[in-house]
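Structure data follow from run_2.cif (mmCIF, N, CA and C atoms):
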data_run
#
loop_
_atom_site.label_atom_id
_atom_site.label_comp_id
_atom_site.auth_asym_id
_atom_site.auth_seq_id
_atom_site.Cartn_x
_atom_site.Cartn_y
_atom_site.Cartn_z
N MET G 172 43.49 4.74 132.48
CA MET G 172 42.76 5.89 131.98
C MET G 172 42.14 6.63 133.17
N ASP G 173 42.24 7.94 133.15
CA ASP G 173 41.66 8.75 134.22
C ASP G 173 40.15 8.86 134.06
N ARG G 174 39.48 8.90 135.20
CA ARG G 174 38.03 9.10 135.18
C ARG G 174 37.73 10.53 134.74
N PRO G 175 36.69 10.74 133.92
CA PRO G 175 36.30 12.11 133.55
C PRO G 175 35.88 12.91 134.78
N ARG G 176 35.81 14.21 134.63
CA ARG G 176 35.38 15.08 135.73
C ARG G 176 34.00 14.66 136.21
N PRO G 177 33.67 14.94 137.49
CA PRO G 177 32.34 14.58 138.01
C PRO G 177 31.23 15.32 137.27
N PHE G 178 30.05 14.74 137.30
CA PHE G 178 28.89 15.37 136.70
C PHE G 178 28.55 16.65 137.43
N GLY G 179 28.01 17.64 136.71
CA GLY G 179 27.62 18.90 137.32
C GLY G 179 26.21 18.91 137.87
N PHE G 180 25.32 18.13 137.26
CA PHE G 180 23.92 18.10 137.70
C PHE G 180 23.21 16.98 136.96
N ILE G 181 22.02 16.66 137.41
CA ILE G 181 21.20 15.69 136.69
C ILE G 181 20.46 16.45 135.61
N LEU G 182 20.57 16.00 134.38
CA LEU G 182 19.95 16.68 133.25
C LEU G 182 18.46 16.37 133.17
N GLU G 183 18.12 15.10 133.33
CA GLU G 183 16.72 14.71 133.23
C GLU G 183 16.41 13.57 134.18
N THR G 184 15.18 13.52 134.59
CA THR G 184 14.66 12.45 135.42
C THR G 184 13.41 11.92 134.75
N CYS G 185 13.24 10.60 134.76
CA CYS G 185 12.09 9.98 134.11
C CYS G 185 11.18 9.31 135.13
N LEU G 186 9.89 9.48 134.93
CA LEU G 186 8.87 8.73 135.63
C LEU G 186 8.01 8.06 134.57
N TYR G 187 7.16 7.14 134.99
CA TYR G 187 6.30 6.42 134.06
C TYR G 187 4.86 6.47 134.53
N ALA G 188 3.95 6.64 133.57
CA ALA G 188 2.52 6.68 133.85
C ALA G 188 1.78 6.26 132.59
N ARG G 189 0.75 5.46 132.76
CA ARG G 189 -0.02 5.01 131.60
C ARG G 189 -1.02 6.06 131.13
N ASP G 190 -1.57 6.84 132.04
CA ASP G 190 -2.55 7.87 131.69
C ASP G 190 -1.88 9.23 131.84
N LEU G 191 -1.52 9.84 130.73
CA LEU G 191 -0.71 11.05 130.75
C LEU G 191 -1.50 12.33 130.99
N ALA G 192 -2.79 12.35 130.68
CA ALA G 192 -3.58 13.58 130.84
C ALA G 192 -3.61 14.04 132.30
N PRO G 193 -3.92 13.17 133.29
CA PRO G 193 -3.88 13.65 134.68
C PRO G 193 -2.48 14.02 135.14
N ILE G 194 -1.47 13.38 134.56
CA ILE G 194 -0.08 13.72 134.88
C ILE G 194 0.23 15.13 134.40
N GLU G 195 -0.18 15.44 133.17
CA GLU G 195 0.05 16.79 132.64
C GLU G 195 -0.63 17.83 133.51
N ARG G 196 -1.88 17.60 133.89
CA ARG G 196 -2.59 18.55 134.73
C ARG G 196 -1.90 18.72 136.09
N PHE G 197 -1.51 17.61 136.71
CA PHE G 197 -0.89 17.65 138.04
C PHE G 197 0.41 18.45 138.02
N TYR G 198 1.29 18.13 137.09
CA TYR G 198 2.60 18.79 137.09
C TYR G 198 2.54 20.24 136.60
N THR G 199 1.59 20.58 135.75
CA THR G 199 1.48 21.98 135.31
C THR G 199 0.61 22.79 136.25
N GLN G 200 -0.59 22.33 136.54
CA GLN G 200 -1.53 23.13 137.32
C GLN G 200 -1.27 23.08 138.82
N VAL G 201 -0.88 21.93 139.35
CA VAL G 201 -0.65 21.83 140.79
C VAL G 201 0.77 22.22 141.16
N LEU G 202 1.77 21.63 140.48
CA LEU G 202 3.15 21.91 140.84
C LEU G 202 3.76 23.08 140.09
N GLY G 203 3.11 23.57 139.03
CA GLY G 203 3.56 24.77 138.35
C GLY G 203 4.71 24.58 137.37
N LEU G 204 4.97 23.36 136.93
CA LEU G 204 6.01 23.16 135.93
C LEU G 204 5.48 23.57 134.57
N GLN G 205 6.39 23.95 133.69
CA GLN G 205 6.01 24.34 132.34
C GLN G 205 6.14 23.14 131.42
N LYS G 206 5.08 22.82 130.69
CA LYS G 206 5.13 21.71 129.74
C LYS G 206 6.05 22.09 128.59
N MET G 207 6.99 21.20 128.27
CA MET G 207 7.89 21.39 127.12
C MET G 207 7.25 20.84 125.86
N SER G 208 6.77 19.59 125.97
CA SER G 208 6.16 18.94 124.82
C SER G 208 5.34 17.75 125.30
N ALA G 209 4.44 17.34 124.43
CA ALA G 209 3.65 16.14 124.70
C ALA G 209 3.43 15.43 123.37
N GLU G 210 3.54 14.14 123.41
CA GLU G 210 3.26 13.31 122.25
C GLU G 210 2.44 12.13 122.77
N TYR G 211 1.13 12.35 122.79
CA TYR G 211 0.24 11.32 123.33
C TYR G 211 0.12 10.16 122.36
N PRO G 212 0.15 8.93 122.80
CA PRO G 212 0.15 8.45 124.18
C PRO G 212 1.55 8.15 124.71
N ARG G 213 2.61 8.64 124.06
CA ARG G 213 3.98 8.27 124.42
C ARG G 213 4.54 8.99 125.64
N HIS G 214 4.46 10.34 125.65
CA HIS G 214 5.15 11.07 126.72
C HIS G 214 4.59 12.47 126.91
N VAL G 215 4.96 13.06 128.04
CA VAL G 215 4.80 14.48 128.30
C VAL G 215 6.05 14.92 129.06
N PHE G 216 6.66 16.05 128.63
CA PHE G 216 7.91 16.53 129.19
C PHE G 216 7.70 17.90 129.83
N PHE G 217 8.43 18.16 130.94
CA PHE G 217 8.28 19.41 131.69
C PHE G 217 9.64 20.03 131.99
N HIS G 218 9.69 21.38 131.92
CA HIS G 218 10.84 22.12 132.42
C HIS G 218 10.75 22.17 133.93
N VAL G 219 11.85 21.83 134.62
CA VAL G 219 11.92 21.98 136.07
C VAL G 219 12.71 23.24 136.40
N SER G 220 13.79 23.45 135.67
CA SER G 220 14.62 24.64 135.86
C SER G 220 15.33 24.91 134.53
N GLN G 221 16.23 25.86 134.55
CA GLN G 221 17.00 26.17 133.34
C GLN G 221 17.81 24.96 132.86
N THR G 222 18.19 24.09 133.81
CA THR G 222 19.11 23.00 133.48
C THR G 222 18.56 21.60 133.72
N SER G 223 17.29 21.46 134.05
CA SER G 223 16.78 20.11 134.29
C SER G 223 15.34 19.97 133.83
N VAL G 224 15.02 18.74 133.44
CA VAL G 224 13.67 18.44 132.95
C VAL G 224 13.16 17.16 133.61
N LEU G 225 11.83 17.06 133.65
CA LEU G 225 11.14 15.86 134.09
C LEU G 225 10.45 15.27 132.88
N LEU G 226 10.74 14.00 132.59
CA LEU G 226 10.16 13.30 131.47
C LEU G 226 9.22 12.23 132.02
N VAL G 227 7.98 12.22 131.55
CA VAL G 227 7.04 11.18 131.98
C VAL G 227 6.62 10.41 130.74
N PHE G 228 6.93 9.13 130.75
CA PHE G 228 6.67 8.25 129.62
C PHE G 228 5.58 7.24 129.95
N ASN G 229 4.85 6.83 128.94
CA ASN G 229 3.93 5.71 129.06
C ASN G 229 4.77 4.45 128.85
N PRO G 230 4.90 3.58 129.86
CA PRO G 230 5.78 2.41 129.72
C PRO G 230 5.30 1.42 128.66
N ASP G 231 4.00 1.39 128.39
CA ASP G 231 3.48 0.47 127.37
C ASP G 231 3.93 0.86 125.96
N VAL G 232 4.24 2.14 125.77
CA VAL G 232 4.68 2.63 124.47
C VAL G 232 6.20 2.61 124.37
N THR G 233 6.90 3.05 125.43
CA THR G 233 8.36 3.18 125.35
C THR G 233 9.09 1.85 125.47
N ILE G 234 8.40 0.79 125.85
CA ILE G 234 9.03 -0.52 125.91
C ILE G 234 9.25 -1.08 124.50
N LYS G 235 8.54 -0.51 123.52
CA LYS G 235 8.68 -0.95 122.13
C LYS G 235 9.94 -0.34 121.51
N LYS G 236 10.63 -1.12 120.73
CA LYS G 236 11.86 -0.65 120.10
C LYS G 236 11.55 0.35 119.00
N THR G 237 12.27 1.46 119.02
CA THR G 237 12.22 2.48 117.97
C THR G 237 13.65 2.92 117.74
N GLU G 238 13.84 4.12 117.22
CA GLU G 238 15.21 4.63 117.07
C GLU G 238 15.85 4.90 118.42
N ILE G 239 15.02 5.05 119.47
CA ILE G 239 15.51 5.25 120.84
C ILE G 239 15.46 3.88 121.53
N PRO G 240 16.47 3.50 122.28
CA PRO G 240 16.43 2.21 122.96
C PRO G 240 15.16 2.05 123.82
N ALA G 241 14.58 0.86 123.80
CA ALA G 241 13.39 0.58 124.59
C ALA G 241 13.70 0.78 126.07
N HIS G 242 12.73 1.34 126.81
CA HIS G 242 12.90 1.52 128.25
C HIS G 242 11.53 1.57 128.90
N GLY G 243 11.55 1.47 130.20
CA GLY G 243 10.31 1.52 130.96
C GLY G 243 10.57 1.02 132.37
N ALA G 244 9.59 1.19 133.21
CA ALA G 244 9.67 0.73 134.60
C ALA G 244 8.29 0.28 135.02
N ILE G 245 8.27 -0.64 135.95
CA ILE G 245 7.00 -1.12 136.51
C ILE G 245 6.97 -0.71 137.97
N GLY G 246 5.86 -0.14 138.37
CA GLY G 246 5.73 0.32 139.75
C GLY G 246 6.08 1.78 139.90
N PRO G 247 5.79 2.34 141.05
CA PRO G 247 6.02 3.77 141.25
C PRO G 247 7.50 4.12 141.29
N GLY G 248 7.79 5.29 140.71
CA GLY G 248 9.13 5.85 140.75
C GLY G 248 9.19 6.96 141.80
N HIS G 249 10.26 7.70 141.79
CA HIS G 249 10.46 8.79 142.76
C HIS G 249 11.16 9.95 142.09
N VAL G 250 10.74 11.15 142.45
CA VAL G 250 11.42 12.37 142.02
C VAL G 250 11.40 13.33 143.21
N ALA G 251 12.48 14.09 143.37
CA ALA G 251 12.57 15.08 144.45
C ALA G 251 12.87 16.45 143.84
N PHE G 252 12.10 17.44 144.27
CA PHE G 252 12.30 18.83 143.85
C PHE G 252 12.87 19.60 145.03
N ALA G 253 13.96 20.32 144.81
CA ALA G 253 14.62 21.08 145.87
C ALA G 253 14.03 22.48 145.97
N VAL G 254 13.84 22.93 147.20
CA VAL G 254 13.35 24.29 147.46
C VAL G 254 14.20 24.92 148.55
N GLU G 255 14.10 26.23 148.64
CA GLU G 255 14.73 26.94 149.74
C GLU G 255 14.00 26.55 151.03
N PRO G 256 14.72 26.51 152.16
CA PRO G 256 14.08 26.11 153.42
C PRO G 256 12.80 26.89 153.76
N ASP G 257 12.79 28.20 153.49
CA ASP G 257 11.61 29.01 153.82
C ASP G 257 10.40 28.68 152.95
N ASP G 258 10.60 28.06 151.79
CA ASP G 258 9.50 27.76 150.88
C ASP G 258 8.77 26.46 151.21
N LEU G 259 9.36 25.60 152.00
CA LEU G 259 8.73 24.31 152.30
C LEU G 259 7.39 24.50 153.03
N GLU G 260 7.32 25.43 153.95
CA GLU G 260 6.06 25.67 154.68
C GLU G 260 4.93 26.08 153.75
N ALA G 261 5.25 26.89 152.75
CA ALA G 261 4.22 27.30 151.79
C ALA G 261 3.69 26.09 151.02
N TRP G 262 4.58 25.17 150.63
CA TRP G 262 4.14 23.96 149.94
C TRP G 262 3.28 23.09 150.85
N LYS G 263 3.62 23.03 152.13
CA LYS G 263 2.84 22.23 153.08
C LYS G 263 1.41 22.76 153.22
N THR G 264 1.21 24.03 153.04
CA THR G 264 -0.12 24.63 153.08
C THR G 264 -0.83 24.50 151.74
N TYR G 265 -0.10 24.75 150.68
CA TYR G 265 -0.66 24.77 149.33
C TYR G 265 -1.16 23.40 148.85
N LEU G 266 -0.37 22.37 149.02
CA LEU G 266 -0.72 21.06 148.46
C LEU G 266 -2.05 20.52 148.99
N PRO G 267 -2.30 20.50 150.30
CA PRO G 267 -3.61 20.02 150.77
C PRO G 267 -4.77 20.87 150.24
N ALA G 268 -4.54 22.17 150.07
CA ALA G 268 -5.60 23.03 149.51
C ALA G 268 -5.92 22.65 148.07
N GLU G 269 -4.97 22.01 147.39
CA GLU G 269 -5.17 21.54 146.01
C GLU G 269 -5.64 20.08 145.97
N GLY G 270 -5.94 19.52 147.14
CA GLY G 270 -6.43 18.15 147.22
C GLY G 270 -5.33 17.10 147.21
N VAL G 271 -4.09 17.51 147.46
CA VAL G 271 -2.97 16.58 147.47
C VAL G 271 -2.64 16.24 148.93
N GLU G 272 -2.74 14.96 149.25
CA GLU G 272 -2.45 14.51 150.61
C GLU G 272 -0.95 14.37 150.82
N ILE G 273 -0.44 14.99 151.86
CA ILE G 273 0.96 14.83 152.21
C ILE G 273 1.08 13.51 152.97
N GLU G 274 1.88 12.63 152.40
CA GLU G 274 2.01 11.27 152.92
C GLU G 274 2.93 11.21 154.14
N ARG G 275 3.99 12.01 154.11
CA ARG G 275 4.95 11.97 155.20
C ARG G 275 5.78 13.23 155.21
N GLU G 276 6.17 13.65 156.42
CA GLU G 276 7.13 14.75 156.61
C GLU G 276 8.31 14.17 157.37
N ILE G 277 9.51 14.56 156.95
CA ILE G 277 10.71 14.07 157.61
C ILE G 277 11.67 15.22 157.83
N THR G 278 12.28 15.26 159.00
CA THR G 278 13.41 16.13 159.27
C THR G 278 14.64 15.23 159.34
N TRP G 279 15.59 15.46 158.45
CA TRP G 279 16.77 14.63 158.33
C TRP G 279 17.84 15.03 159.35
N GLY G 280 18.83 14.19 159.56
CA GLY G 280 19.88 14.41 160.55
C GLY G 280 20.66 15.69 160.36
N ASN G 281 20.76 16.17 159.12
CA ASN G 281 21.50 17.41 158.87
C ASN G 281 20.59 18.65 158.93
N GLY G 282 19.32 18.45 159.33
CA GLY G 282 18.38 19.57 159.44
C GLY G 282 17.54 19.80 158.20
N ALA G 283 17.86 19.14 157.11
CA ALA G 283 17.04 19.25 155.90
C ALA G 283 15.66 18.65 156.19
N ARG G 284 14.66 19.14 155.47
CA ARG G 284 13.29 18.67 155.68
C ARG G 284 12.67 18.28 154.35
N SER G 285 11.81 17.25 154.39
CA SER G 285 11.13 16.75 153.20
C SER G 285 9.65 16.56 153.48
N ILE G 286 8.86 16.73 152.40
CA ILE G 286 7.48 16.27 152.41
C ILE G 286 7.31 15.34 151.21
N TYR G 287 6.49 14.32 151.40
CA TYR G 287 6.26 13.32 150.36
C TYR G 287 4.77 13.25 150.04
N PHE G 288 4.45 13.07 148.76
CA PHE G 288 3.08 12.89 148.31
C PHE G 288 3.12 12.10 147.02
N ARG G 289 1.96 11.79 146.45
CA ARG G 289 1.89 10.96 145.24
C ARG G 289 1.31 11.76 144.08
N ASP G 290 1.81 11.47 142.87
CA ASP G 290 1.19 12.03 141.67
C ASP G 290 0.04 11.11 141.25
N PRO G 291 -0.74 11.48 140.24
CA PRO G 291 -1.89 10.65 139.87
C PRO G 291 -1.55 9.22 139.44
N ALA G 292 -0.30 8.95 139.06
CA ALA G 292 0.10 7.60 138.68
C ALA G 292 0.65 6.81 139.87
N GLY G 293 0.73 7.42 141.04
CA GLY G 293 1.26 6.75 142.21
C GLY G 293 2.75 6.91 142.43
N ASN G 294 3.41 7.73 141.58
CA ASN G 294 4.83 7.99 141.79
C ASN G 294 5.02 8.80 143.06
N SER G 295 6.10 8.53 143.78
CA SER G 295 6.44 9.27 144.99
C SER G 295 7.11 10.59 144.60
N VAL G 296 6.52 11.69 145.06
CA VAL G 296 7.05 13.02 144.78
C VAL G 296 7.50 13.61 146.11
N GLU G 297 8.69 14.15 146.12
CA GLU G 297 9.26 14.75 147.32
C GLU G 297 9.60 16.20 147.03
N ILE G 298 9.29 17.05 147.99
CA ILE G 298 9.82 18.42 147.98
C ILE G 298 10.72 18.49 149.20
N VAL G 299 11.97 18.85 148.96
CA VAL G 299 13.00 18.78 150.00
C VAL G 299 13.81 20.07 150.01
N THR G 300 14.23 20.47 151.20
CA THR G 300 15.06 21.67 151.30
C THR G 300 16.44 21.38 150.70
N LYS G 301 17.00 22.39 150.06
CA LYS G 301 18.20 22.24 149.23
C LYS G 301 19.41 21.65 149.95
N GLN G 302 19.52 21.82 151.25
CA GLN G 302 20.74 21.37 151.91
C GLN G 302 20.77 19.86 152.16
N ILE G 303 19.82 19.10 151.64
CA ILE G 303 19.74 17.67 151.89
C ILE G 303 21.03 16.94 151.57
N TRP G 304 21.66 17.25 150.47
CA TRP G 304 22.85 16.50 150.07
C TRP G 304 24.14 17.29 150.23
N ASN G 305 24.12 18.35 151.03
CA ASN G 305 25.36 19.11 151.24
C ASN G 305 26.44 18.20 151.80
N ARG G 306 27.64 18.37 151.29
CA ARG G 306 28.76 17.58 151.77
C ARG G 306 29.43 18.28 152.92
#
Kindly transcribe the structure held in the file into C-alpha cells.
Amino acid sequence: MDRPRPFGFILETCLYARDLAPIERFYTQVLGLQKMSAEYPRHVFFHVSQTSVLLVFNPDVTIKKTEIPAHGAIGPGHVAFAVEPDDLEAWKTYLPAEGVEIEREITWGNGARSIYFRDPAGNSVEIVTKQIWNR
C-alpha cells in the first residue's frame, strides 16, 4: 500500500496547565492570540492562524475517560511560533516590557533565530524565524 501524501501543516498543538486563568491571560493579553473557547476547568483554546490552533488542557481533567480518549502530559511542554525575521527584534523588546523573561536566544546554523521563554505553567515557548525548517 502506498503512503498517503505528506501532511500540509500541523493543525493543532497541545500544552497542559492546571491553572487555566493565567494561561488565558498570557496567551491573549501578552502574546495576542484570540481565544476560541474555554471550558473551565478543562481547557482553553486559541487561534494561532487561519489554519492552526493552540489547545491548553488541564491534565487532571483530561486524563479522565470521556467520549474523547484520555490524554495528558506531566512536566513542561514546548510550542514554537514562527515569525518573519524582521519581527523577532520587536518581540525581544516587547516581552521583557510585559514582564516576560527571555530565557535564551539562539542563532541556528542556517541563520534562523529563536528566543525562548516560559508561560505561567512553565511550558517552553519559542518564537522563531520562519526559515528554521527550510529544506
Cut-off 8 Å: closest region 200-250 of chain G/region 294-305 of chain G atom pairs per residue, using all atoms listed in the file, as CSV:
residue,atom,partner,partner_atom,distance
G:Gly246,C,G:Asn294,CA,6.6
G:Pro247,CA,G:Asn294,CA,4.4
G:Gly248,C,G:Ser295,N,4.0
G:His249,CA,G:Ser295,C,4.2
G:Val250,C,G:Glu297,N,4.1
Store the residues picked out above in a file with N, CA and C atoms, as a compact mmCIF listing (two decimals), keeping the file's coordinate frame.
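And here's out_29.txt as it stands now:
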# COMPACT_ATOMS: atom_id res chain seq x y z
N GLY G 246 5.86 -0.14 138.37
CA GLY G 246 5.73 0.32 139.75
C GLY G 246 6.08 1.78 139.90
N PRO G 247 5.79 2.34 141.05
CA PRO G 247 6.02 3.77 141.25
C PRO G 247 7.50 4.12 141.29
N GLY G 248 7.79 5.29 140.71
CA GLY G 248 9.13 5.85 140.75
C GLY G 248 9.19 6.96 141.80
N HIS G 249 10.26 7.70 141.79
CA HIS G 249 10.46 8.79 142.76
C HIS G 249 11.16 9.95 142.09
N VAL G 250 10.74 11.15 142.45
CA VAL G 250 11.42 12.37 142.02
C VAL G 250 11.40 13.33 143.21
Evaluate the PyMOL selection byres ((chain G and resi 205-216) around 7) on the structure here and hand back the selected residues as a ChimeraX atom specification.
/G:191,195,198-199,202-204,217-219,224-230,232-233
For Gly270 (chain G), which of G:Val254, G:Val201, G:Ala283, G:Ala244 is the closest residue, counting only C-alpha atoms?
G:Val201
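In this model, the gap between atom N of Phe252 (chain G) and atom N of Phe288 (chain G) comes to 9.9 Å.
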From a DSSP calculation on the backbone, collect every residue of region 222-260 of chain G in strand (DSSP E) and output the set as an MDAnalysis selection string.
chainID G and resid 224:228 249:254
Residue with the minimum atom-to-atom distance to Tyr187 (chain G), picked from G:Ile286, G:Pro267, G:Ala251, G:Asp231 with all atoms listed in the file counted, is G:Asp231
Nearest candidate to Leu259 (chain G) (options G:Arg196, G:Arg189, G:Arg289, G:Arg284; using only N, CA and C atoms):
G:Arg284
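When atom C of Asp290 (chain G) is paired with atom N of Lys236 (chain G), their separation reads 26.1 Å.
Taking atom N of Leu182 (chain G) and atom C of Asn281 (chain G) as endpoints, the distance between them is 24.7 Å.
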Enclosing box along x, y and z for every listed atom of region 187-195 of chain G, padded 8 Å each side, centre and size in Å, one decimal, as lines of an AutoDock Vina configuration file:
center_x = 1.6
center_y = 11.4
center_z = 132.9
size_x = 27.1
size_y = 28.8
size_z = 20.5
Choose the residue, out of G:Ala268, G:Gly282, G:Ala292, G:Gln221, that has the smallest atom-to-atom separation from Ala192 (chain G); count only C-alpha atoms.
G:Ala292
Please give the complete set of residues from region 178-241 of chain G that DSSP, run on the backbone, assigns to alpha helix (DSSP H), formatted as an MDAnalysis selection string.
chainID G and resid 191:196 230:233
Restrict the selected residues to N, CA and C atoms and save them as a PDB file, in the coordinates of the input.
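Generated file (part-v5.pdb):
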ATOM      1  N   LEU G 191      -1.520   9.840 130.730  1.00  0.00           N
ATOM      2  CA  LEU G 191      -0.710  11.050 130.750  1.00  0.00           C
ATOM      3  C   LEU G 191      -1.500  12.330 130.990  1.00  0.00           C
ATOM      4  N   ALA G 192      -2.790  12.350 130.680  1.00  0.00           N
ATOM      5  CA  ALA G 192      -3.580  13.580 130.840  1.00  0.00           C
ATOM      6  C   ALA G 192      -3.610  14.040 132.300  1.00  0.00           C
ATOM      7  N   PRO G 193      -3.920  13.170 133.290  1.00  0.00           N
ATOM      8  CA  PRO G 193      -3.880  13.650 134.680  1.00  0.00           C
ATOM      9  C   PRO G 193      -2.480  14.020 135.140  1.00  0.00           C
ATOM     10  N   ILE G 194      -1.470  13.380 134.560  1.00  0.00           N
ATOM     11  CA  ILE G 194      -0.080  13.720 134.880  1.00  0.00           C
ATOM     12  C   ILE G 194       0.230  15.130 134.400  1.00  0.00           C
ATOM     13  N   GLU G 195      -0.180  15.440 133.170  1.00  0.00           N
ATOM     14  CA  GLU G 195       0.050  16.790 132.640  1.00  0.00           C
ATOM     15  C   GLU G 195      -0.630  17.830 133.510  1.00  0.00           C
ATOM     16  N   ARG G 196      -1.880  17.600 133.890  1.00  0.00           N
ATOM     17  CA  ARG G 196      -2.590  18.550 134.730  1.00  0.00           C
ATOM     18  C   ARG G 196      -1.900  18.720 136.090  1.00  0.00           C
ATOM     19  N   PRO G 230       4.900   3.580 129.860  1.00  0.00           N
ATOM     20  CA  PRO G 230       5.780   2.410 129.720  1.00  0.00           C
ATOM     21  C   PRO G 230       5.300   1.420 128.660  1.00  0.00           C
ATOM     22  N   ASP G 231       4.000   1.390 128.390  1.00  0.00           N
ATOM     23  CA  ASP G 231       3.480   0.470 127.370  1.00  0.00           C
ATOM     24  C   ASP G 231       3.930   0.860 125.960  1.00  0.00           C
ATOM     25  N   VAL G 232       4.240   2.140 125.770  1.00  0.00           N
ATOM     26  CA  VAL G 232       4.680   2.630 124.470  1.00  0.00           C
ATOM     27  C   VAL G 232       6.200   2.610 124.370  1.00  0.00           C
ATOM     28  N   THR G 233       6.900   3.050 125.430  1.00  0.00           N
ATOM     29  CA  THR G 233       8.360   3.180 125.350  1.00  0.00           C
ATOM     30  C   THR G 233       9.090   1.850 125.470  1.00  0.00           C
TER      31      THR G 233
END
Hey, which of G:Lys263, G:Val271, G:Pro240, G:Pro291 ends up closest to Pro193 (chain G)? Count only N, CA and C atoms.
G:Pro291
With C-alpha atoms as the atom set, please write region 198-223 of chain G from the structure just given, as a PDB file, in the first residue's frame.
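Result saved to selection_27.pdb:
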ATOM      1  CA  TYR G 198      -1.731  33.909  25.554  1.00  0.00           C
ATOM      2  CA  THR G 199      -4.386  36.562  24.854  1.00  0.00           C
ATOM      3  CA  GLN G 200      -3.004  39.682  26.524  1.00  0.00           C
ATOM      4  CA  VAL G 201       0.749  39.101  26.221  1.00  0.00           C
ATOM      5  CA  LEU G 202       1.076  37.050  23.029  1.00  0.00           C
ATOM      6  CA  GLY G 203      -2.051  38.407  21.319  1.00  0.00           C
ATOM      7  CA  LEU G 204      -3.745  35.129  20.405  1.00  0.00           C
ATOM      8  CA  GLN G 205      -7.517  35.108  20.056  1.00  0.00           C
ATOM      9  CA  LYS G 206      -9.369  32.840  22.474  1.00  0.00           C
ATOM     10  CA  MET G 207     -11.581  30.357  20.607  1.00  0.00           C
ATOM     11  CA  SER G 208     -13.273  28.777  23.596  1.00  0.00           C
ATOM     12  CA  ALA G 209     -12.838  27.944  27.247  1.00  0.00           C
ATOM     13  CA  GLU G 210     -14.460  25.284  29.355  1.00  0.00           C
ATOM     14  CA  TYR G 211     -13.129  25.695  32.867  1.00  0.00           C
ATOM     15  CA  PRO G 212     -11.552  23.719  34.457  1.00  0.00           C
ATOM     16  CA  ARG G 213     -10.962  21.500  31.380  1.00  0.00           C
ATOM     17  CA  HIS G 214      -9.417  23.658  28.651  1.00  0.00           C
ATOM     18  CA  VAL G 215      -8.845  26.958  26.898  1.00  0.00           C
ATOM     19  CA  PHE G 216      -8.288  27.068  23.112  1.00  0.00           C
ATOM     20  CA  PHE G 217      -6.633  29.792  20.990  1.00  0.00           C
ATOM     21  CA  HIS G 218      -6.462  30.685  17.295  1.00  0.00           C
ATOM     22  CA  VAL G 219      -2.825  30.939  16.164  1.00  0.00           C
ATOM     23  CA  SER G 220      -3.534  31.469  12.469  1.00  0.00           C
ATOM     24  CA  GLN G 221      -6.176  30.675   9.878  1.00  0.00           C
ATOM     25  CA  THR G 222      -5.022  27.048   9.882  1.00  0.00           C
ATOM     26  CA  SER G 223      -3.655  26.290  13.347  1.00  0.00           C
TER      27      SER G 223
END
